[in-house]
$ cat structure-v7.cif   # mmCIF, C-alpha atoms and all ligand atoms
data_data
#
loop_
_atom_site.group_PDB
_atom_site.id
_atom_site.type_symbol
_atom_site.label_atom_id
_atom_site.label_comp_id
_atom_site.auth_asym_id
_atom_site.auth_seq_id
_atom_site.Cartn_x
_atom_site.Cartn_y
_atom_site.Cartn_z
ATOM 1 C CA LEU A 1 83.265 80.234 81.542
ATOM 2 C CA ASP A 2 83.654 83.907 80.598
ATOM 3 C CA GLN A 3 87.218 85.033 81.245
ATOM 4 C CA TYR A 4 88.216 88.164 83.215
ATOM 5 C CA ALA A 5 91.513 89.346 84.685
ATOM 6 C CA VAL A 6 93.258 92.135 86.535
ATOM 7 C CA PHE A 7 96.577 93.254 85.060
ATOM 8 C CA GLY A 8 99.134 95.181 87.109
ATOM 9 C CA HIS A 9 102.666 95.199 88.423
ATOM 10 C CA PRO A 10 103.040 94.239 91.239
ATOM 11 C CA ILE A 11 99.808 92.217 91.399
ATOM 12 C CA SER A 12 100.300 89.322 93.825
ATOM 13 C CA HIS A 13 98.480 91.045 96.707
ATOM 14 C CA SER A 14 95.504 92.135 94.607
ATOM 15 C CA LYS A 15 92.127 91.577 96.273
ATOM 16 C CA SER A 16 90.276 91.851 92.943
ATOM 17 C CA PRO A 17 90.041 88.079 92.186
ATOM 18 C CA ARG A 18 88.531 87.497 95.627
ATOM 19 C CA ILE A 19 86.099 90.446 95.310
ATOM 20 C CA HIS A 20 84.896 89.357 91.863
ATOM 21 C CA SER A 21 84.444 85.727 92.894
ATOM 22 C CA LEU A 22 82.357 86.903 95.868
ATOM 23 C CA PHE A 23 80.263 89.046 93.487
ATOM 24 C CA ALA A 24 79.849 86.094 91.099
ATOM 25 C CA GLU A 25 78.740 83.797 93.906
ATOM 26 C CA GLN A 26 76.305 86.390 95.246
ATOM 27 C CA THR A 27 74.688 87.075 91.851
ATOM 28 C CA GLY A 28 74.784 83.504 90.542
ATOM 29 C CA GLN A 29 77.079 84.437 87.652
ATOM 30 C CA GLN A 30 79.614 81.967 86.232
ATOM 31 C CA ILE A 31 82.916 83.773 85.641
ATOM 32 C CA HIS A 32 86.629 83.047 85.803
ATOM 33 C CA TYR A 33 88.770 85.964 87.097
ATOM 34 C CA VAL A 34 92.550 85.833 87.577
ATOM 35 C CA ALA A 35 95.371 88.227 88.504
ATOM 36 C CA GLN A 36 98.193 88.513 85.989
ATOM 37 C CA ASP A 37 101.528 90.243 86.557
ATOM 38 C CA VAL A 38 101.928 92.603 83.585
ATOM 39 C CA PRO A 39 104.638 95.296 83.599
ATOM 40 C CA ALA A 40 104.024 98.393 81.449
ATOM 41 C CA GLY A 41 106.226 97.186 78.588
ATOM 42 C CA ALA A 42 104.191 93.989 78.231
ATOM 43 C CA PHE A 43 100.731 95.547 78.451
ATOM 44 C CA LYS A 44 99.703 95.815 74.805
ATOM 45 C CA ALA A 45 100.762 92.280 73.887
ATOM 46 C CA ALA A 46 99.144 90.824 77.011
ATOM 47 C CA ALA A 47 95.850 92.668 76.379
ATOM 48 C CA ASP A 48 95.851 91.624 72.691
ATOM 49 C CA THR A 49 96.419 87.989 73.710
ATOM 50 C CA PHE A 50 93.701 88.147 76.369
ATOM 51 C CA PHE A 51 91.015 89.555 74.073
ATOM 52 C CA ALA A 52 92.060 87.342 71.122
ATOM 53 C CA ALA A 53 91.430 84.334 73.397
ATOM 54 C CA ASP A 54 87.821 85.539 73.896
ATOM 55 C CA GLY A 55 88.519 87.383 77.203
ATOM 56 C CA LYS A 56 85.510 89.499 78.154
ATOM 57 C CA GLY A 57 86.920 92.138 80.486
ATOM 58 C CA LEU A 58 90.043 93.452 82.178
ATOM 59 C CA ASN A 59 90.779 95.548 85.210
ATOM 60 C CA CYS A 60 94.001 97.549 84.979
ATOM 61 C CA THR A 61 95.853 98.892 87.966
ATOM 62 C CA VAL A 62 99.236 100.524 88.650
ATOM 63 C CA PRO A 63 101.156 101.216 86.385
ATOM 64 C CA LEU A 64 98.806 100.464 83.481
ATOM 65 C CA LYS A 65 95.841 102.853 83.693
ATOM 66 C CA GLU A 66 97.180 105.356 81.168
ATOM 67 C CA LEU A 67 98.191 102.571 78.755
ATOM 68 C CA ALA A 68 94.713 101.086 79.102
ATOM 69 C CA TRP A 69 93.268 104.509 78.248
ATOM 70 C CA GLN A 70 95.353 104.529 75.050
ATOM 71 C CA TYR A 71 94.338 100.934 74.291
ATOM 72 C CA ALA A 72 90.561 101.407 74.458
ATOM 73 C CA GLY A 73 88.737 101.962 71.172
ATOM 74 C CA GLN A 74 85.893 103.804 72.902
ATOM 75 C CA LEU A 75 85.880 105.738 76.174
ATOM 76 C CA SER A 76 83.293 106.624 78.800
ATOM 77 C CA VAL A 77 83.068 110.310 79.731
ATOM 78 C CA SER A 78 84.936 109.716 83.014
ATOM 79 C CA ALA A 79 87.703 107.801 81.258
ATOM 80 C CA ARG A 80 88.090 110.427 78.537
ATOM 81 C CA LYS A 81 88.336 113.218 81.081
ATOM 82 C CA SER A 82 90.739 111.393 83.406
ATOM 83 C CA LYS A 83 92.989 109.947 80.676
ATOM 84 C CA ALA A 84 93.077 106.803 82.793
ATOM 85 C CA VAL A 85 91.172 103.511 82.458
ATOM 86 C CA ASN A 86 90.751 100.867 85.144
ATOM 87 C CA THR A 87 88.158 98.738 83.326
ATOM 88 C CA LEU A 88 88.156 97.398 79.767
ATOM 89 C CA ALA A 89 85.130 95.573 78.357
ATOM 90 C CA ARG A 90 84.857 93.746 75.057
ATOM 91 C CA LEU A 91 81.552 94.708 73.491
ATOM 92 C CA ALA A 92 79.369 92.472 71.295
ATOM 93 C CA ASP A 93 80.836 93.992 68.104
ATOM 94 C CA GLY A 94 84.361 93.147 69.285
ATOM 95 C CA SER A 95 85.355 96.740 70.086
ATOM 96 C CA ILE A 96 86.997 97.546 73.432
ATOM 97 C CA LEU A 97 85.331 100.046 75.773
ATOM 98 C CA GLY A 98 87.456 101.806 78.408
ATOM 99 C CA ASP A 99 85.856 103.098 81.598
ATOM 100 C CA ASN A 100 87.165 104.560 84.831
ATOM 101 C CA THR A 101 85.124 103.361 87.798
ATOM 102 C CA ASP A 102 87.489 104.653 90.509
ATOM 103 C CA GLY A 103 85.770 108.010 90.940
ATOM 104 C CA ILE A 104 82.232 106.662 91.052
ATOM 105 C CA GLY A 105 83.507 103.993 93.451
ATOM 106 C CA LEU A 106 84.893 106.682 95.751
ATOM 107 C CA VAL A 107 81.706 108.770 95.559
ATOM 108 C CA ARG A 108 79.528 105.752 96.345
ATOM 109 C CA ASP A 109 81.696 104.780 99.309
ATOM 110 C CA LEU A 110 81.602 108.319 100.707
ATOM 111 C CA THR A 111 77.942 109.110 100.101
ATOM 112 C CA ILE A 112 76.141 105.750 100.344
ATOM 113 C CA ASN A 113 78.313 103.655 102.665
ATOM 114 C CA HIS A 114 79.385 106.517 104.940
ATOM 115 C CA ASN A 115 76.546 108.977 104.538
ATOM 116 C CA ILE A 116 78.886 111.905 103.814
ATOM 117 C CA THR A 117 77.361 114.908 102.034
ATOM 118 C CA LEU A 118 79.566 116.208 99.222
ATOM 119 C CA ALA A 119 77.261 118.952 97.943
ATOM 120 C CA ASN A 120 78.538 122.361 99.141
ATOM 121 C CA SER A 121 81.478 120.794 100.987
ATOM 122 C CA ARG A 122 85.027 122.126 100.844
ATOM 123 C CA ILE A 123 87.270 119.353 99.522
ATOM 124 C CA LEU A 124 91.077 119.135 99.479
ATOM 125 C CA ILE A 125 92.879 116.546 97.362
ATOM 126 C CA LEU A 126 96.519 115.769 98.170
ATOM 127 C CA GLY A 127 98.514 114.844 95.065
ATOM 128 C CA ALA A 128 98.186 115.518 91.347
ATOM 129 C CA GLY A 129 98.912 112.189 89.662
ATOM 130 C CA GLY A 130 96.768 109.593 87.943
ATOM 131 C CA ALA A 131 94.771 108.837 91.098
ATOM 132 C CA THR A 132 93.602 112.461 91.298
ATOM 133 C CA ARG A 133 92.661 112.531 87.596
ATOM 134 C CA GLY A 134 90.613 109.366 88.106
ATOM 135 C CA ILE A 135 88.324 110.795 90.792
ATOM 136 C CA LEU A 136 87.763 114.431 89.763
ATOM 137 C CA HIS A 137 84.911 114.089 87.266
ATOM 138 C CA PRO A 138 82.550 112.149 89.579
ATOM 139 C CA LEU A 139 83.529 114.291 92.592
ATOM 140 C CA LEU A 140 82.822 117.566 90.787
ATOM 141 C CA ALA A 141 79.469 116.139 89.630
ATOM 142 C CA GLN A 142 78.431 116.103 93.331
ATOM 143 C CA ASN A 143 78.543 119.936 93.356
ATOM 144 C CA PRO A 144 81.013 120.561 96.173
ATOM 145 C CA ALA A 145 81.576 124.209 97.189
ATOM 146 C CA HIS A 146 85.055 123.828 95.706
ATOM 147 C CA ILE A 147 87.887 121.354 95.289
ATOM 148 C CA SER A 148 91.487 122.401 95.947
ATOM 149 C CA ILE A 149 94.416 120.317 94.740
ATOM 150 C CA VAL A 150 97.728 120.574 96.583
ATOM 151 C CA ASN A 151 100.899 119.041 95.187
ATOM 152 C CA ARG A 152 104.666 119.169 95.852
ATOM 153 C CA THR A 153 105.167 119.788 92.153
ATOM 154 C CA ARG A 154 102.771 122.676 91.643
ATOM 155 C CA HIS A 155 102.666 122.676 87.849
ATOM 156 C CA LYS A 156 101.095 119.203 87.803
ATOM 157 C CA ALA A 157 98.220 120.493 89.956
ATOM 158 C CA ASP A 158 97.882 123.557 87.689
ATOM 159 C CA THR A 159 97.636 121.347 84.599
ATOM 160 C CA ILE A 160 94.852 119.268 86.141
ATOM 161 C CA VAL A 161 92.959 122.399 87.231
ATOM 162 C CA HIS A 162 93.180 123.692 83.674
ATOM 163 C CA GLU A 163 91.855 120.408 82.235
ATOM 164 C CA PHE A 164 88.917 120.023 84.644
ATOM 165 C CA ALA A 165 87.997 123.695 85.249
ATOM 166 C CA ASP A 166 84.933 123.412 82.990
ATOM 167 C CA LEU A 167 83.373 120.871 85.387
ATOM 168 C CA GLY A 168 83.226 122.963 88.555
ATOM 169 C CA SER A 169 85.028 125.131 91.082
ATOM 170 C CA LEU A 170 88.617 123.922 91.170
ATOM 171 C CA ASN A 171 91.921 125.500 92.248
ATOM 172 C CA SER A 172 95.474 124.513 93.132
ATOM 173 C CA CYS A 173 97.850 125.459 95.932
ATOM 174 C CA ASP A 174 101.192 124.672 97.562
ATOM 175 C CA TYR A 175 101.551 122.832 100.870
ATOM 176 C CA ALA A 176 102.827 126.118 102.361
ATOM 177 C CA ASP A 177 99.481 127.789 101.520
ATOM 178 C CA LEU A 178 97.495 125.342 103.633
ATOM 179 C CA THR A 179 98.108 127.032 106.995
ATOM 180 C CA SER A 180 95.235 129.507 106.568
ATOM 181 C CA LEU A 181 92.764 127.076 105.000
ATOM 182 C CA GLN A 182 90.152 124.611 106.229
ATOM 183 C CA PHE A 183 88.306 121.722 104.561
ATOM 184 C CA ASP A 184 85.359 119.435 105.298
ATOM 185 C CA LEU A 185 86.885 116.482 103.447
ATOM 186 C CA ILE A 186 90.564 115.760 102.812
ATOM 187 C CA ILE A 187 91.357 113.025 100.284
ATOM 188 C CA ASN A 188 94.852 111.567 100.106
ATOM 189 C CA ALA A 189 95.602 110.737 96.463
ATOM 190 C CA THR A 190 99.398 110.772 96.835
ATOM 191 C CA SER A 191 101.431 107.604 96.628
ATOM 192 C CA ALA A 192 103.053 108.568 99.969
ATOM 193 C CA SER A 193 100.942 106.006 101.862
ATOM 194 C CA LEU A 194 102.689 103.177 100.067
ATOM 195 C CA SER A 195 105.899 104.077 101.913
ATOM 196 C CA ASP A 196 104.009 105.033 105.112
ATOM 197 C CA GLU A 197 104.879 108.703 104.563
ATOM 198 C CA LEU A 198 102.673 111.724 105.008
ATOM 199 C CA PRO A 199 102.661 115.024 103.092
ATOM 200 C CA PRO A 200 103.265 118.079 105.353
ATOM 201 C CA LEU A 201 99.829 119.020 106.734
ATOM 202 C CA PRO A 202 99.198 121.768 109.315
ATOM 203 C CA ASP A 203 96.966 121.276 112.344
ATOM 204 C CA ALA A 204 93.494 122.850 111.997
ATOM 205 C CA LEU A 205 93.375 121.986 108.282
ATOM 206 C CA LEU A 206 90.390 119.731 108.901
ATOM 207 C CA ALA A 207 87.156 121.493 109.857
ATOM 208 C CA ALA A 208 85.233 120.327 112.925
ATOM 209 C CA ASN A 209 83.345 117.115 112.084
ATOM 210 C CA GLY A 210 85.372 116.814 108.871
ATOM 211 C CA TYR A 211 86.348 113.586 107.142
ATOM 212 C CA CYS A 212 89.627 112.078 105.941
ATOM 213 C CA TYR A 213 89.816 109.508 103.140
ATOM 214 C CA ASP A 214 92.935 107.726 101.912
ATOM 215 C CA LEU A 215 92.551 106.231 98.425
ATOM 216 C CA ALA A 216 95.148 103.655 99.451
ATOM 217 C CA TYR A 217 94.371 100.793 101.811
ATOM 218 C CA ALA A 218 96.408 98.398 103.875
ATOM 219 C CA ASN A 219 95.855 95.843 106.597
ATOM 220 C CA LYS A 220 96.986 98.433 109.154
ATOM 221 C CA PRO A 221 95.818 102.093 109.228
ATOM 222 C CA THR A 222 97.851 104.195 106.767
ATOM 223 C CA ALA A 223 99.901 107.212 107.912
ATOM 224 C CA PHE A 224 97.168 109.507 106.551
ATOM 225 C CA VAL A 225 94.345 107.600 108.283
ATOM 226 C CA ARG A 226 96.341 107.867 111.531
ATOM 227 C CA TRP A 227 96.812 111.610 110.948
ATOM 228 C CA GLY A 228 93.055 112.034 110.459
ATOM 229 C CA LYS A 229 92.455 110.380 113.819
ATOM 230 C CA THR A 230 94.867 112.803 115.525
ATOM 231 C CA GLN A 231 92.853 115.657 113.943
ATOM 232 C CA HIS A 232 89.592 114.287 115.415
ATOM 233 C CA ALA A 233 88.087 113.487 112.037
ATOM 234 C CA ARG A 234 84.483 112.345 112.317
ATOM 235 C CA LYS A 235 85.668 109.416 110.201
ATOM 236 C CA SER A 236 89.176 108.672 108.941
ATOM 237 C CA LEU A 237 88.816 106.028 106.240
ATOM 238 C CA ASP A 238 91.028 104.101 103.879
ATOM 239 C CA GLY A 239 90.221 103.010 100.342
ATOM 240 C CA LEU A 240 88.958 99.473 100.925
ATOM 241 C CA GLY A 241 85.349 100.538 100.386
ATOM 242 C CA MET A 242 86.287 102.372 97.197
ATOM 243 C CA LEU A 243 88.130 99.260 95.987
ATOM 244 C CA VAL A 244 85.009 97.136 96.388
ATOM 245 C CA GLU A 245 82.748 99.827 94.872
ATOM 246 C CA GLN A 246 84.922 100.337 91.776
ATOM 247 C CA ALA A 247 84.919 96.546 91.338
ATOM 248 C CA ALA A 248 81.116 96.473 91.593
ATOM 249 C CA GLU A 249 80.878 99.114 88.847
ATOM 250 C CA ALA A 250 83.175 97.030 86.627
ATOM 251 C CA PHE A 251 81.176 93.869 87.375
ATOM 252 C CA ALA A 252 77.943 95.705 86.468
ATOM 253 C CA LEU A 253 79.446 96.920 83.182
ATOM 254 C CA TRP A 254 80.540 93.385 82.269
ATOM 255 C CA ARG A 255 77.605 91.339 83.554
ATOM 256 C CA GLY A 256 74.662 93.758 83.531
ATOM 257 C CA ILE A 257 73.936 93.124 87.208
ATOM 258 C CA ARG A 258 75.144 95.133 90.186
ATOM 259 C CA PRO A 259 76.255 93.110 93.218
ATOM 260 C CA GLU A 260 75.618 94.218 96.777
ATOM 261 C CA THR A 261 78.838 95.697 98.110
ATOM 262 C CA GLY A 262 78.053 95.897 101.835
ATOM 263 C CA PRO A 263 78.545 92.208 102.671
ATOM 264 C CA VAL A 264 81.809 92.077 100.677
ATOM 265 C CA ILE A 265 83.219 95.183 102.380
ATOM 266 C CA ASP A 266 82.271 93.752 105.782
ATOM 267 C CA LEU A 267 83.925 90.430 104.978
ATOM 268 C CA LEU A 268 87.193 92.046 103.768
ATOM 269 C CA ASN A 269 87.211 94.311 106.828
ATOM 270 C CA ARG A 270 86.831 91.333 109.157
ATOM 271 C CA GLU A 271 89.629 89.495 107.363
ATOM 272 C CA ARG A 272 92.142 92.253 108.050
ATOM 273 C CA GLU A 273 91.359 92.642 111.737
HETATM 274 P P1 LIG A 301 99.224 107.762 90.988
HETATM 275 O O1 LIG A 301 98.943 107.148 89.674
HETATM 276 O O2 LIG A 301 99.067 106.830 92.160
HETATM 277 O O3 LIG A 301 98.491 109.046 91.201
HETATM 278 P P2 LIG A 301 101.582 109.240 90.348
HETATM 279 O O4 LIG A 301 100.946 109.677 89.078
HETATM 280 O O5 LIG A 301 103.008 108.802 90.343
HETATM 281 O O6 LIG A 301 100.791 108.043 90.996
HETATM 282 O O7 LIG A 301 101.389 110.436 91.398
HETATM 283 C C1 LIG A 301 101.841 110.319 92.707
HETATM 284 C C2 LIG A 301 101.447 111.578 93.468
HETATM 285 O O8 LIG A 301 101.857 111.440 94.830
HETATM 286 C C3 LIG A 301 102.116 112.842 92.958
HETATM 287 O O9 LIG A 301 101.206 113.921 93.102
HETATM 288 C C4 LIG A 301 103.301 113.011 93.919
HETATM 289 O O10 LIG A 301 103.753 114.340 94.058
HETATM 290 P P3 LIG A 301 104.756 114.986 92.946
HETATM 291 O O11 LIG A 301 103.924 115.205 91.714
HETATM 292 O O12 LIG A 301 105.212 116.235 93.568
HETATM 293 O O13 LIG A 301 105.839 113.961 92.763
HETATM 294 C C5 LIG A 301 102.660 112.550 95.200
HETATM 295 N N1 LIG A 301 103.618 112.100 96.239
HETATM 296 C C6 LIG A 301 104.303 110.931 96.285
HETATM 297 N N2 LIG A 301 105.036 110.835 97.417
HETATM 298 C C7 LIG A 301 104.781 111.968 98.140
HETATM 299 C C8 LIG A 301 105.216 112.462 99.413
HETATM 300 N N3 LIG A 301 106.070 111.754 100.200
HETATM 301 N N4 LIG A 301 104.755 113.674 99.817
HETATM 302 C C9 LIG A 301 103.882 114.382 99.042
HETATM 303 N N5 LIG A 301 103.440 113.964 97.833
HETATM 304 C C10 LIG A 301 103.871 112.774 97.386
#
$ encode --input "structure-v7.cif" --output "structure tokens"
Amino acid sequence: LDQYAVFGHPISHSKSPRIHSLFAEQTGQQIHYVAQDVPAGAFKAAADTFFAADGKGLNCTVPLKELAWQYAGQLSVSARKSKAVNTLARLADGSILGDNTDGIGLVRDLTINHNITLANSRILILGAGGATRGILHPLLAQNPAHISIVNRTRHKADTIVHEFADLGSLNSCDYADLTSLQFDLIINATSASLSDELPPLPDALLAANGYCYDLAYANKPTAFVRWGKTQHARKSLDGLGMLVEQAAEAFALWRGIRPETGPVIDLLNRERE
């Protein structure tokens, strides 16, 4: 059986082994996919061992995406731009390709699964860490009116704007600037959800019929998803759909066949109710 794994720390609650075994079953592919607890300091040795033992592909999650970007011998455009890699694939010649499927996963969940139009929309991203870097290239490719990035630590948002400015209309701001602004889509890319916290957001920030999307997911609605509901978002979503979509992109890169995501998203949604 071809060997695959997800590396991360912590990793015990990862849904990736389940998602990939559902994809394998659905597409009739024979694969073996495990979760392995790998702290940052152990990443290089663990990846070397995995690929030396004929491993075919890895997913990398927190806190390893930047290390995986350094590890890859070749990079997709999205991975190069984001300086973060969530998928490594060993190619036929033995070289290691790094890709970042998070952004395309988000775009597919928004546009295909939820029928949200990104072209000409005003988008706000909360946070300026690795998660924001990972989604910007595919989001800007949808031709939004503009994307604003707000962060507690302003200079991190400014750096990202500088790096991605060639790809579209992008600017940064402080949380205090938000009072006079309005957006059609607000994306939470902060790690605040993990501690059930919420960045300071004014009322009226979300335009009528606007959407909220939390890149994080949990069995219960996150603080940001709950906030979106109080703001009468047309939809206030968490990142479960994106998780399944980024996995489908990785599966397609590895196996050359794209699984259907809808049934897997439905199943995972039912399991958390
Ligand atoms: P990730 O890889 O998940 O993006 P990260 O690179 O550590 O993680 O970035 C976390 C982001 O969440 C940062 O933008 C951080 O803001 P600062 O740069 O100002 O630290 C943001 N963040 C975390 N907790 C937050 C909170 N309670 N309120 C607002 N922003 C928060």
$ closest_atom_pairs --input "structure-v7.cif" --of "chain A" --to "ligand LIG 301 (chain A)" --cutoff "6 Å" --atoms "all atoms listed in the file" --output "CSV"
residue,atom,partner,partner_atom,distance
A:Gly127,CA,A:LIG301,O9,3.5
A:Ala128,CA,A:LIG301,O9,3.8
A:Gly129,CA,A:LIG301,O4,3.3
A:Gly130,CA,A:LIG301,O1,3.7
A:Ala131,CA,A:LIG301,O3,3.7
A:Thr132,CA,A:LIG301,O3,6.0
A:Asn151,CA,A:LIG301,O12,5.4
A:Arg152,CA,A:LIG301,O12,3.8
A:Thr153,CA,A:LIG301,O12,3.8
A:Thr190,CA,A:LIG301,O8,3.2
A:Ser191,CA,A:LIG301,O8,4.3
A:Ala192,CA,A:LIG301,N2,3.9
A:Glu197,CA,A:LIG301,N3,5.5
A:Leu198,CA,A:LIG301,N3,5.9
A:Pro199,CA,A:LIG301,N4,4.1
$ closest_residue --input "structure-v7.cif" --among "A:Asp174, A:Asp109, A:Glu66, A:Asp266" --to "Gly239 of chain A" --atoms "all atoms listed in the file"
A:Asp109
$ residues_around --input "structure-v7.cif" --residues "Ser16 of chain A" --least-positions-apart "2" --cutoff "9 Å" --atoms "only C-alpha atoms" --output "count of residues only"
14
$ residues_around --input "structure-v7.cif" --residues "Asp99 of chain A" --least-positions-apart "4" --cutoff "6 Å" --atoms "only C-alpha atoms" --output "ChimeraX atom specification"
/A:76,79,85,87
$ atom_distance --input "structure-v7.cif" --atom1 "atom CA of Gly57 of chain A" --atom2 "atom CA of Asp102 of chain A"
16.0 Å
$ residues_near_point --input "structure-v7.cif" --point "(90.5, 102.0, 80.0)" --cutoff "12 Å" --atoms "all atoms listed in the file" --output "ChimeraX atom specification"
/A:7,47,57-61,64-90,96-102,134,250
$ residues_near_point --input "structure-v7.cif" --point "(104.6, 101.9, 81.7)" --cutoff "9 Å" --atoms "all atoms listed in the file" --output "JSON, numbers by chain"
{"A": [39, 40, 41, 42, 43, 62, 63, 64, 66, 67]}
$ resolve_selection --input "structure-v7.cif" --expression "the PyMOL selection byres (((chain A and resi 27) around 12) and not hetatm)" --output "PDB file with C-alpha atoms, in the frame of the given file"
ATOM      1  CA  HIS A  20      84.896  89.357  91.863  1.00  0.00           C
ATOM      2  CA  SER A  21      84.444  85.727  92.894  1.00  0.00           C
ATOM      3  CA  LEU A  22      82.357  86.903  95.868  1.00  0.00           C
ATOM      4  CA  PHE A  23      80.263  89.046  93.487  1.00  0.00           C
ATOM      5  CA  ALA A  24      79.849  86.094  91.099  1.00  0.00           C
ATOM      6  CA  GLU A  25      78.740  83.797  93.906  1.00  0.00           C
ATOM      7  CA  GLN A  26      76.305  86.390  95.246  1.00  0.00           C
ATOM      8  CA  GLY A  28      74.784  83.504  90.542  1.00  0.00           C
ATOM      9  CA  GLN A  29      77.079  84.437  87.652  1.00  0.00           C
ATOM     10  CA  GLN A  30      79.614  81.967  86.232  1.00  0.00           C
ATOM     11  CA  ILE A  31      82.916  83.773  85.641  1.00  0.00           C
ATOM     12  CA  ALA A 248      81.116  96.473  91.593  1.00  0.00           C
ATOM     13  CA  PHE A 251      81.176  93.869  87.375  1.00  0.00           C
ATOM     14  CA  ALA A 252      77.943  95.705  86.468  1.00  0.00           C
ATOM     15  CA  ARG A 255      77.605  91.339  83.554  1.00  0.00           C
ATOM     16  CA  GLY A 256      74.662  93.758  83.531  1.00  0.00           C
ATOM     17  CA  ILE A 257      73.936  93.124  87.208  1.00  0.00           C
ATOM     18  CA  ARG A 258      75.144  95.133  90.186  1.00  0.00           C
ATOM     19  CA  PRO A 259      76.255  93.110  93.218  1.00  0.00           C
ATOM     20  CA  GLU A 260      75.618  94.218  96.777  1.00  0.00           C
ATOM     21  CA  THR A 261      78.838  95.697  98.110  1.00  0.00           C
TER      22      THR A 261
END
$ resolve_selection --input "structure-v7.cif" --expression "the PyMOL selection byres (((chain A and resi 184) around 6) and not hetatm)" --output "PyMOL selection string"
chain A and resi 121-122+183+185+207+210
$ residues_around --input "structure-v7.cif" --residues "Thr179 of chain A" --least-positions-apart "3" --cutoff "9 Å" --atoms "all atoms listed in the file" --output "VMD selection string"
chain A and resid 175 to 176 182 201 to 205
$ atom_distance --input "structure-v7.cif" --atom1 "atom CA of Ala233 of chain A" --atom2 "atom CA of Leu140 of chain A"
22.3 Å
$ build_atoms --input "structure-v7.cif" --residues "segment 166-183 of chain A" --atoms "N, CA and C atoms" --output "mmCIF file, keeping the file's coordinate frame"
data_model
loop_
_atom_site.group_PDB
_atom_site.id
_atom_site.type_symbol
_atom_site.label_atom_id
_atom_site.label_comp_id
_atom_site.auth_asym_id
_atom_site.auth_seq_id
_atom_site.Cartn_x
_atom_site.Cartn_y
_atom_site.Cartn_z
ATOM 1 N N ASP A 166 86.287 123.285 83.553
ATOM 2 C CA ASP A 166 84.933 123.412 82.990
ATOM 3 C C ASP A 166 83.892 122.633 83.801
ATOM 4 N N LEU A 167 84.313 121.739 84.674
ATOM 5 C CA LEU A 167 83.373 120.871 85.387
ATOM 6 C C LEU A 167 82.961 121.396 86.760
ATOM 7 N N GLY A 168 83.601 122.462 87.232
ATOM 8 C CA GLY A 168 83.226 122.963 88.555
ATOM 9 C C GLY A 168 84.295 123.859 89.138
ATOM 10 N N SER A 169 84.127 124.201 90.417
ATOM 11 C CA SER A 169 85.028 125.131 91.082
ATOM 12 C C SER A 169 86.270 124.397 91.578
ATOM 13 N N LEU A 170 87.395 124.694 90.952
ATOM 14 C CA LEU A 170 88.617 123.922 91.170
ATOM 15 C C LEU A 170 89.797 124.879 91.241
ATOM 16 N N ASN A 171 90.706 124.676 92.220
ATOM 17 C CA ASN A 171 91.921 125.500 92.248
ATOM 18 C C ASN A 171 93.082 124.675 92.787
ATOM 19 N N SER A 172 94.287 125.229 92.661
ATOM 20 C CA SER A 172 95.474 124.513 93.132
ATOM 21 C C SER A 172 96.199 125.354 94.166
ATOM 22 N N CYS A 173 97.032 124.705 94.988
ATOM 23 C CA CYS A 173 97.850 125.459 95.932
ATOM 24 C C CYS A 173 99.094 124.660 96.306
ATOM 25 N N ASP A 174 99.986 125.322 97.043
ATOM 26 C CA ASP A 174 101.192 124.672 97.562
ATOM 27 C C ASP A 174 100.922 124.236 99.003
ATOM 28 N N TYR A 175 101.704 123.264 99.477
ATOM 29 C CA TYR A 175 101.551 122.832 100.870
ATOM 30 C C TYR A 175 101.712 124.006 101.833
ATOM 31 N N ALA A 176 102.595 124.961 101.485
ATOM 32 C CA ALA A 176 102.827 126.118 102.361
ATOM 33 C C ALA A 176 101.596 127.008 102.482
ATOM 34 N N ASP A 177 100.691 126.947 101.485
ATOM 35 C CA ASP A 177 99.481 127.789 101.520
ATOM 36 C C ASP A 177 98.420 127.245 102.470
ATOM 37 N N LEU A 178 98.584 126.008 102.927
ATOM 38 C CA LEU A 178 97.495 125.342 103.633
ATOM 39 C C LEU A 178 97.244 125.895 105.035
ATOM 40 N N THR A 179 98.217 126.621 105.584
ATOM 41 C CA THR A 179 98.108 127.032 106.995
ATOM 42 C C THR A 179 96.870 127.867 107.284
ATOM 43 N N SER A 180 96.387 128.637 106.302
ATOM 44 C CA SER A 180 95.235 129.507 106.568
ATOM 45 C C SER A 180 93.926 128.905 106.075
ATOM 46 N N LEU A 181 93.946 127.650 105.655
ATOM 47 C CA LEU A 181 92.764 127.076 105.000
ATOM 48 C C LEU A 181 92.131 125.960 105.832
ATOM 49 N N GLN A 182 90.864 125.663 105.518
ATOM 50 C CA GLN A 182 90.152 124.611 106.229
ATOM 51 C C GLN A 182 89.199 123.873 105.275
ATOM 52 N N PHE A 183 89.099 122.563 105.482
ATOM 53 C CA PHE A 183 88.306 121.722 104.561
ATOM 54 C C PHE A 183 87.420 120.752 105.334
#
